[in-house]
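Trainee: Got a file for you: my_file-v4.cif, mmCIF, C-alpha atoms.
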```cif
data_target
#
loop_
_atom_site.label_atom_id
_atom_site.label_comp_id
_atom_site.auth_asym_id
_atom_site.auth_seq_id
_atom_site.Cartn_x
_atom_site.Cartn_y
_atom_site.Cartn_z
CA MET A 1 -20.45 -14.49 -20.89
CA ARG A 2 -24.11 -14.15 -20.11
CA GLY A 3 -25.66 -16.18 -17.39
CA GLY A 4 -22.36 -17.02 -15.91
CA PHE A 5 -19.13 -15.59 -14.89
CA ALA A 6 -15.51 -15.74 -15.69
CA ALA A 7 -13.62 -17.12 -12.78
CA VAL A 8 -9.94 -16.89 -13.04
CA ALA A 9 -7.64 -17.87 -10.30
CA LEU A 10 -5.18 -15.10 -9.84
CA LEU A 11 -1.67 -16.26 -9.77
CA VAL A 12 -0.21 -14.19 -7.06
CA ALA A 13 2.86 -12.73 -5.59
CA CYS A 14 2.60 -12.73 -1.85
CA GLY A 15 4.69 -10.59 0.39
CA ARG A 16 7.19 -8.14 -0.92
CA ALA A 17 10.46 -9.93 -1.11
CA GLU A 18 9.37 -12.96 -3.08
CA PRO A 19 6.17 -14.73 -3.92
CA GLN A 20 4.79 -17.11 -1.39
CA ALA A 21 2.74 -19.18 -3.72
CA THR A 22 0.81 -21.90 -2.00
CA PRO A 23 -1.06 -24.84 -3.40
CA GLN A 24 -4.16 -22.73 -3.01
CA ARG A 25 -4.32 -19.51 -4.92
CA PRO A 26 -5.59 -16.83 -2.59
CA LEU A 27 -7.93 -14.94 -4.89
CA VAL A 28 -10.45 -15.47 -7.61
CA LEU A 29 -11.85 -12.58 -9.59
CA ARG A 30 -15.33 -13.04 -11.00
CA THR A 31 -16.71 -10.75 -13.64
CA ILE A 32 -20.45 -10.53 -14.08
CA PRO A 33 -22.05 -8.48 -16.86
CA ALA A 34 -24.64 -6.07 -15.49
CA GLY A 35 -26.17 -4.01 -18.26
CA ASP A 36 -23.57 -1.65 -19.60
CA SER A 37 -21.33 -2.18 -16.66
CA LEU A 38 -19.41 -5.00 -15.22
CA ARG A 39 -19.59 -6.26 -11.69
CA LEU A 40 -16.29 -7.49 -10.30
CA GLU A 41 -16.25 -9.80 -7.32
CA LEU A 42 -13.06 -10.66 -5.55
CA MET A 43 -13.33 -13.93 -3.72
CA ALA A 44 -10.93 -15.44 -1.26
CA ALA A 45 -9.99 -19.03 -1.92
CA PRO A 46 -10.55 -21.50 0.90
CA GLY A 47 -8.00 -20.92 3.61
CA TRP A 48 -7.57 -17.24 2.80
CA LYS A 49 -9.11 -14.02 4.06
CA ILE A 50 -9.16 -10.59 2.46
CA ASN A 51 -8.18 -7.69 4.69
CA ALA A 52 -11.09 -5.27 4.99
CA ARG A 53 -9.00 -2.59 6.66
CA LEU A 54 -7.13 -2.16 3.43
CA LYS A 55 -9.71 -2.52 0.73
CA PRO A 56 -8.60 -4.17 -2.48
CA VAL A 57 -7.94 -1.76 -5.31
CA LEU A 58 -7.72 -2.11 -9.05
CA GLU A 59 -5.46 0.58 -10.40
CA ALA A 60 -7.07 0.97 -13.79
CA ALA A 61 -4.73 1.15 -16.72
CA ALA A 62 -6.92 3.90 -18.11
CA GLY A 63 -6.45 5.85 -14.91
CA GLY A 64 -8.25 5.98 -11.63
CA LEU A 65 -8.75 3.61 -8.77
CA ILE A 66 -11.49 1.01 -8.55
CA ARG A 67 -12.05 0.02 -4.95
CA PHE A 68 -13.62 -3.22 -3.86
CA ASP A 69 -15.86 -3.18 -0.84
CA SER A 70 -18.54 -5.10 0.99
CA PRO A 71 -20.60 -4.21 4.05
CA VAL A 72 -20.43 -7.79 5.25
CA LEU A 73 -17.46 -8.20 7.53
CA THR A 74 -16.25 -10.70 10.07
CA PRO A 75 -17.29 -9.92 13.67
CA ASP A 76 -13.94 -8.26 14.35
CA SER A 77 -14.40 -6.07 11.26
CA ALA A 78 -10.99 -7.10 10.06
CA TYR A 79 -11.87 -9.23 7.04
CA PHE A 80 -14.53 -9.46 4.39
CA ALA A 81 -17.17 -12.06 5.12
CA ALA A 82 -18.67 -11.62 1.66
CA ALA A 83 -16.79 -11.04 -1.55
CA PRO A 84 -15.89 -7.38 -1.96
CA VAL A 85 -17.37 -5.96 -5.12
CA ALA A 86 -16.58 -3.21 -7.58
CA VAL A 87 -18.65 -2.07 -10.52
CA VAL A 88 -17.01 -0.60 -13.57
CA ALA A 89 -18.88 1.26 -16.22
CA ALA A 90 -16.56 1.02 -19.13
CA ARG A 91 -15.84 -2.66 -19.41
CA ALA A 92 -12.92 -3.33 -21.62
CA ALA A 93 -10.85 -0.36 -20.68
CA SER A 94 -11.51 -0.43 -16.98
CA VAL A 95 -10.78 -4.03 -16.23
CA ARG A 96 -7.18 -3.70 -17.22
CA GLY A 97 -4.82 -2.64 -14.56
CA THR A 98 -3.04 -3.63 -11.41
CA LEU A 99 -4.96 -5.35 -8.67
CA ARG A 100 -3.76 -5.05 -5.09
CA ALA A 101 -5.15 -6.88 -2.13
CA SER A 102 -3.99 -7.59 1.38
CA VAL A 103 -4.66 -11.19 2.30
CA CYS A 104 -4.12 -13.44 5.26
CA ALA A 105 -3.89 -17.21 5.28
CA VAL A 106 -5.99 -18.80 7.96
CA GLY A 107 -3.75 -19.95 10.77
CA GLU A 108 -0.67 -17.96 9.83
CA ALA A 109 -1.50 -14.64 11.50
CA VAL A 110 0.40 -12.50 9.06
CA CYS A 111 -0.62 -10.16 6.27
CA ARG A 112 0.69 -10.41 2.74
CA VAL A 113 0.19 -8.26 -0.31
CA VAL A 114 -1.04 -9.66 -3.57
CA VAL A 115 -0.22 -7.68 -6.68
CA VAL A 116 -1.34 -8.90 -10.07
CA GLU A 117 -1.72 -7.41 -13.49
CA VAL A 118 -5.21 -7.93 -14.83
CA SER A 119 -6.18 -7.60 -18.46
CA GLU A 120 -9.23 -8.67 -20.37
CA ARG A 121 -8.99 -10.72 -23.51
CA MET B 1 -20.99 -9.00 -24.37
CA PRO B 2 -18.35 -11.26 -25.76
CA LYS B 3 -17.25 -14.15 -23.74
CA THR B 4 -15.42 -12.64 -20.87
CA ALA B 5 -12.35 -13.98 -19.34
CA LEU B 6 -9.79 -12.23 -17.34
CA PHE B 7 -6.34 -12.93 -18.41
CA VAL B 8 -3.99 -12.46 -15.57
CA ALA B 9 -0.45 -11.76 -16.42
CA LEU B 10 1.69 -12.46 -13.43
CA SER B 11 3.40 -9.34 -12.36
CA LEU B 12 5.65 -9.24 -9.41
CA ALA B 13 6.34 -5.57 -9.53
CA THR B 14 5.83 -4.51 -5.97
CA ALA B 15 7.56 -1.82 -4.05
CA GLY B 16 10.19 -4.08 -2.69
CA GLY B 17 11.57 -5.08 -6.04
CA LEU B 18 10.96 -8.63 -7.03
CA GLY B 19 13.33 -9.47 -9.78
CA GLY B 20 13.51 -13.19 -10.28
CA ALA B 21 10.60 -13.80 -8.00
CA LEU B 22 8.77 -15.96 -10.49
CA GLU B 23 11.55 -18.47 -10.41
CA THR B 24 11.30 -18.78 -6.67
CA ALA B 25 7.60 -19.50 -6.65
CA SER B 26 7.92 -23.23 -6.95
CA HIS B 27 10.21 -23.30 -3.98
CA ALA B 28 7.79 -21.24 -2.00
CA VAL B 29 5.05 -23.78 -2.57
CA ALA B 30 6.91 -26.26 -0.49
CA GLN B 31 7.53 -23.83 2.32
CA SER B 32 6.04 -24.86 5.60
CA ARG B 33 4.60 -22.70 8.32
CA ILE B 34 6.03 -19.28 8.84
CA PRO B 35 8.37 -19.37 11.83
CA LEU B 36 7.00 -17.31 14.66
CA LEU B 37 10.36 -17.03 16.26
CA GLY B 38 13.68 -18.47 15.29
CA ALA B 39 17.39 -17.93 15.39
CA ALA B 40 18.75 -15.38 12.99
CA ARG B 41 19.06 -16.72 9.48
CA GLY B 42 22.51 -18.09 8.97
CA SER B 43 24.07 -17.15 12.25
CA PRO B 44 24.08 -14.04 14.35
CA ARG B 45 24.96 -11.34 11.87
CA PRO B 46 25.43 -7.61 12.05
CA ALA B 47 22.20 -5.68 11.89
CA PRO B 48 22.18 -3.35 8.91
CA ALA B 49 22.04 0.33 9.77
CA TRP B 50 18.77 1.98 8.91
CA GLY B 51 18.55 5.57 7.80
CA ASN B 52 14.93 6.45 8.36
CA LYS B 53 14.27 10.16 8.60
CA SER B 54 10.69 10.36 9.83
CA TRP B 55 10.12 9.38 13.46
CA LEU B 56 7.40 9.61 16.06
CA ASN B 57 7.61 9.24 19.83
CA THR B 58 11.23 10.36 19.90
CA GLU B 59 12.86 13.75 19.86
CA LYS B 60 15.46 12.77 17.32
CA PRO B 61 15.96 9.89 14.90
CA LEU B 62 17.33 6.71 16.42
CA THR B 63 20.28 5.08 14.74
CA LEU B 64 21.55 1.57 15.16
CA GLU B 65 24.82 2.98 16.46
CA SER B 66 23.03 5.02 19.11
CA GLN B 67 21.49 1.81 20.45
CA ARG B 68 24.76 -0.01 21.11
CA GLY B 69 24.61 -1.42 24.59
CA ARG B 70 20.85 -1.81 24.39
CA VAL B 71 18.72 -4.65 23.09
CA VAL B 72 16.61 -3.58 20.14
CA LEU B 73 13.36 -5.16 18.99
CA LEU B 74 12.34 -4.05 15.53
CA ASN B 75 8.66 -4.53 14.76
CA PHE B 76 7.70 -4.25 11.12
CA TRP B 77 4.04 -3.36 11.05
CA VAL B 78 1.34 -1.25 9.46
CA PHE B 79 -1.80 0.05 11.09
CA THR B 80 -4.07 -1.50 8.46
CA CYS B 81 -2.87 -4.98 9.39
CA TYR B 82 -5.09 -6.64 11.96
CA ASN B 83 -2.40 -9.14 12.92
CA CYS B 84 -0.08 -6.23 13.58
CA THR B 85 -2.41 -4.22 15.74
CA ASN B 86 -3.40 -7.33 17.66
CA THR B 87 0.24 -7.74 18.62
CA VAL B 88 0.73 -4.16 19.76
CA PRO B 89 -0.46 -4.78 23.34
CA SER B 90 2.35 -7.29 23.76
CA LEU B 91 4.88 -4.76 22.52
CA VAL B 92 3.47 -2.09 24.78
CA ASP B 93 3.85 -4.57 27.62
CA PHE B 94 7.47 -5.37 26.71
CA ASP B 95 8.19 -1.65 26.53
CA ARG B 96 6.70 -1.08 29.96
CA LYS B 97 8.59 -3.97 31.51
CA TYR B 98 11.98 -3.69 29.87
CA ARG B 99 12.68 -0.16 28.62
CA GLN B 100 14.43 0.79 31.83
CA GLN B 101 16.39 -2.44 31.72
CA GLY B 102 17.79 -1.67 28.30
CA LEU B 103 15.21 -2.65 25.68
CA THR B 104 14.40 -0.33 22.83
CA ILE B 105 11.38 -1.24 20.78
CA ILE B 106 11.23 0.42 17.38
CA GLY B 107 8.11 0.18 15.27
CA VAL B 108 9.02 0.25 11.62
CA HIS B 109 5.85 1.29 9.86
CA THR B 110 5.94 -0.11 6.33
CA PRO B 111 2.87 0.46 4.14
CA GLU B 112 1.32 -2.35 2.16
CA PHE B 113 -0.26 -0.20 -0.56
CA PRO B 114 0.73 2.95 -2.45
CA PRO B 115 0.14 6.39 -0.89
CA TYR B 116 -3.51 6.57 -1.94
CA SER B 117 -4.22 4.09 0.86
CA GLY B 118 -3.38 6.67 3.53
CA GLU B 119 -0.79 4.42 5.12
CA HIS B 120 2.01 6.84 4.23
CA ASP B 121 0.37 9.76 5.98
CA LYS B 122 2.15 10.71 9.15
CA SER B 123 -0.96 12.12 10.80
CA ASN B 124 -2.79 8.84 10.21
CA LEU B 125 0.09 7.02 11.80
CA GLN B 126 0.06 9.41 14.74
CA ARG B 127 -3.61 8.67 15.28
CA ALA B 128 -2.87 4.95 15.24
CA LEU B 129 -0.17 5.39 17.88
CA GLU B 130 -2.66 7.17 20.09
CA LYS B 131 -5.36 4.59 19.45
CA TYR B 132 -3.11 1.70 20.39
CA HIS B 133 -1.29 3.52 23.20
CA ILE B 134 2.10 3.15 21.57
CA GLU B 135 4.77 5.13 23.35
CA TYR B 136 7.88 3.49 21.95
CA PRO B 137 9.61 5.07 18.93
CA VAL B 138 8.10 4.47 15.53
CA THR B 139 9.64 5.31 12.20
CA GLN B 140 8.02 5.63 8.82
CA ASP B 141 9.40 3.28 6.21
CA ASN B 142 7.37 4.62 3.33
CA ASP B 143 9.95 3.72 0.72
CA THR B 144 10.27 0.19 2.22
CA ARG B 145 14.01 0.65 2.39
CA THR B 146 14.38 -0.74 5.88
CA TRP B 147 11.94 -3.54 5.09
CA ASP B 148 14.10 -4.50 2.14
CA LEU B 149 17.31 -4.04 4.09
CA TYR B 150 16.18 -6.66 6.58
CA GLY B 151 14.61 -8.97 4.00
CA ILE B 152 11.18 -8.82 5.61
CA ARG B 153 8.27 -10.58 3.92
CA TYR B 154 5.27 -10.43 6.25
CA TRP B 155 3.35 -8.10 8.52
CA PRO B 156 4.02 -8.24 11.42
CA SER B 157 7.66 -9.30 11.58
CA PHE B 158 10.20 -8.97 14.33
CA VAL B 159 13.98 -8.72 14.54
CA LEU B 160 15.74 -8.91 17.88
CA ILE B 161 19.19 -7.29 18.00
CA ASP B 162 21.63 -7.74 20.83
CA LYS B 163 23.71 -5.14 22.64
CA ARG B 164 26.54 -5.51 20.13
CA GLY B 165 24.32 -4.88 17.15
CA GLN B 166 23.97 -8.51 16.09
CA ILE B 167 20.72 -9.95 14.83
CA ARG B 168 19.98 -12.87 17.11
CA TYR B 169 16.34 -13.79 16.57
CA GLU B 170 13.76 -13.22 13.89
CA GLY B 171 10.13 -14.14 13.43
CA ALA B 172 6.74 -13.19 12.13
CA GLY B 173 3.14 -13.43 13.15
CA GLU B 174 0.64 -12.21 15.67
CA PHE B 175 0.92 -13.03 19.34
CA HIS B 176 -0.87 -11.95 22.48
CA VAL B 177 0.05 -11.05 26.01
CA GLY B 178 0.70 -14.22 27.95
CA ASP B 179 0.43 -16.73 25.13
CA THR B 180 3.17 -19.18 24.19
CA ASP B 181 4.70 -16.98 21.52
CA TYR B 182 4.65 -13.99 23.83
CA GLN B 183 6.51 -16.05 26.40
CA HIS B 184 9.07 -17.12 23.84
CA TRP B 185 9.74 -13.54 22.80
CA ASP B 186 9.77 -12.44 26.40
CA GLY B 187 12.36 -15.09 27.20
CA LYS B 188 14.58 -14.09 24.30
CA ILE B 189 14.41 -10.44 25.29
CA ARG B 190 15.39 -11.29 28.85
CA GLU B 191 18.17 -13.54 27.63
CA LEU B 192 19.70 -10.70 25.61
CA LEU B 193 19.17 -8.15 28.36
CA GLU B 194 21.15 -10.34 30.73
CA GLU B 195 24.14 -10.45 28.41
CA ARG B 196 26.96 -8.03 29.04
#
```
Starting from the file, lay out its structure as structure tokens.
Mentor:
Amino acid sequence: MRGGFAAVALLVACGRAEPQATPQRPLVLRTIPAGDSLRLELMAAPGWKINARLKPVLEAAAGGLIRFDSPVLTPDSAYFAAAPVAVVAARAASVRGTLRASVCAVGEAVCRVVVVEVSER
Amino acid sequence: MPKTALFVALSLATAGGLGGALETASHAVAQSRIPLLGAARGSPRPAPAWGNKSWLNTEKPLTLESQRGRVVLLNFWVFTCYNCTNTVPSLVDFDRKYRQQGLTIIGVHTPEFPPYSGEHDKSNLQRALEKYHIEYPVTQDNDTRTWDLYGIRYWPSFVLIDKRGQIRYEGAGEFHVGDTDYQHWDGKIRELLEER
């Protein structure tokens, strides 16, 4: 989608034992075409933070790991202050996979894991 | 490029096993704040015996049975969790104050991500222990078996076990030396230490 982005709220499973869905979905994944590649931005929904000590990873279905990163961190270096980004070269094949992120809800002082299957259509 | 949209198929396949998790999601929405400290779920119940093989800061593996007569504080943590490492000074303080009085703190190190994250690596964990001045025993829970055994859901989480091996208090969330939650945990530890 040129000139825009696809923003899809990721329905998530939080924690390991059972999902802790909240009214706010923790993550939004934006995809932005950039020439022959695709820029992926992982944004935290309001009230959520993404753990920068454990960088989000997309385990590509085609193989390999796509790591999200950003140099802009909170002052304590614990969380991303700007959306971590990954760039994939081969669009269709690479975007499919399993996305993992460690997130924290503001005010709860615990970490949770988000695991979602991502596929392009 | 064709119109791009990411279709997200909900998958709850994490290491802990999440069968039926989708059905519980609606209930979870209504859940209120995570309890920082509370009585054991249900009632005091026997602590399940862990069987972890990999340990640090101890000459031999600790078993639940070997801790009978002592109060045990299990801390489920991982060194990549900021909330966990922020809480470590409190645990170091409890260890300093109460080890001789009968408290055993056990750090149960449960990774969040698969092995490529480095969280499973024992040498990385050893470095974290040195960085945070952790001298109490820590065990690797790389297969999340102990995490699952205790029904843990968050990092960091805590389970306080009495001298008879009963789970008495449970909770989750960061706290700091001297704050209200620290004082609550401190009080519960002292309460159990005073029991015969």
Trainee: Find, counting all atoms listed in the file, the residue in B:Leu160, B:Val72, B:Ala172, B:Ala39 that gets nearest to chain A.
Mentor: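 Checking each candidate against chain A, we get B:Ala172 as the closest.
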Trainee: What would the selection look like, as a PyMOL selection string, if the PyMOL selection byres ((chain B and resi 94-109) around 7) were run on the coordinates I just shared?
Mentor: chain B and resi 70-78+90-93+110-111+136-141+193
Trainee: Just to confirm, what's the straight-line distance from atom CA of Gly38 of chain B to atom CA of Thr180 of chain B in Å (one decimal)?
Mentor: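 Distance reported for this atom pair: 13.8 Å.
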Trainee: Apply the PyMOL selection byres ((chain A and resi 83) around 10) to the displayed file and report the matching residues as a ChimeraX atom specification.
Mentor: /A:28-30,40-44,49-50,68-73,80-82,84-86
Trainee: Mind writing the picked residues with C-alpha atoms as a CSV table (one decimal), in the frame of the given file?
Mentor:
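Listing of again.csv after writing:
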```csv
chain,number,residue,atom,x,y,z
A,28,VAL,CA,-10.4,-15.5,-7.6
A,29,LEU,CA,-11.8,-12.6,-9.6
A,30,ARG,CA,-15.3,-13.0,-11.0
A,40,LEU,CA,-16.3,-7.5,-10.3
A,41,GLU,CA,-16.2,-9.8,-7.3
A,42,LEU,CA,-13.1,-10.7,-5.6
A,43,MET,CA,-13.3,-13.9,-3.7
A,44,ALA,CA,-10.9,-15.4,-1.3
A,49,LYS,CA,-9.1,-14.0,4.1
A,50,ILE,CA,-9.2,-10.6,2.5
A,68,PHE,CA,-13.6,-3.2,-3.9
A,69,ASP,CA,-15.9,-3.2,-0.8
A,70,SER,CA,-18.5,-5.1,1.0
A,71,PRO,CA,-20.6,-4.2,4.0
A,72,VAL,CA,-20.4,-7.8,5.2
A,73,LEU,CA,-17.5,-8.2,7.5
A,80,PHE,CA,-14.5,-9.5,4.4
A,81,ALA,CA,-17.2,-12.1,5.1
A,82,ALA,CA,-18.7,-11.6,1.7
A,84,PRO,CA,-15.9,-7.4,-2.0
A,85,VAL,CA,-17.4,-6.0,-5.1
A,86,ALA,CA,-16.6,-3.2,-7.6
```
Trainee: Please provide the set of residues having any atom within 8 Å of segment 81-86 of chain B, restricted to all atoms listed in the file, with same-chain residues fewer than 6 positions apart removed, written as a PyMOL selection string.
Mentor: (chain A and resi 51+53-54+78+109-111) or (chain B and resi 132+155-156+173-176)
Trainee: For segment 114-116 of chain B, work out the shell of residues within 12 Å, counting all atoms listed in the file and skipping chain neighbours fewer than 6 positions away, then give it as a PyMOL selection string.
Mentor: (chain A and resi 54-59+64-67+98-101+113+115) or (chain B and resi 14-16+122+124+142-144)
Trainee: Quote the spacing between atom CA of Pro48 of chain B and atom CA of Ser123 of chain B in Å to one decimal place.
Mentor: 27.9 Å
Trainee: So how many Å separate atom CA of Pro46 of chain A and atom CA of Phe113 of chain B, to one decimal?
Mentor: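 Going from atom CA of Pro46 of chain A over to atom CA of Phe113 of chain B covers 23.7 Å.
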Trainee: Looking at all atoms listed in the file, which of B:Trp55, B:Thr87, B:Glu119, B:Arg153 is the one that sits closest to chain A?
Mentor: B:Arg153
Trainee: With all atoms listed in the file as the basis for distance, which of B:Leu149, B:Ala47, B:Ile134, B:Val177 is at the shortest distance from chain A?
Mentor: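 Closest to chain A of all the choices is B:Leu149.
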Trainee: Quick one: of A:Val106, A:Gly63, A:Trp48, A:Thr31, who's nearest to chain B, counting all atoms listed in the file?
Mentor: A:Thr31
Trainee: Under the rule that all atoms listed in the file are counted, which of B:His184, B:Arg168, B:Arg145, B:Arg45 is the nearest residue to chain A?
Mentor: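 Closest candidate: B:Arg145.
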Trainee: Of the residues A:Ala89, A:Ala60, A:Ala52, A:Val116, which is the one nearest to chain B, using all atoms listed in the file?
Mentor: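 Smallest distance to chain B is found for A:Val116.
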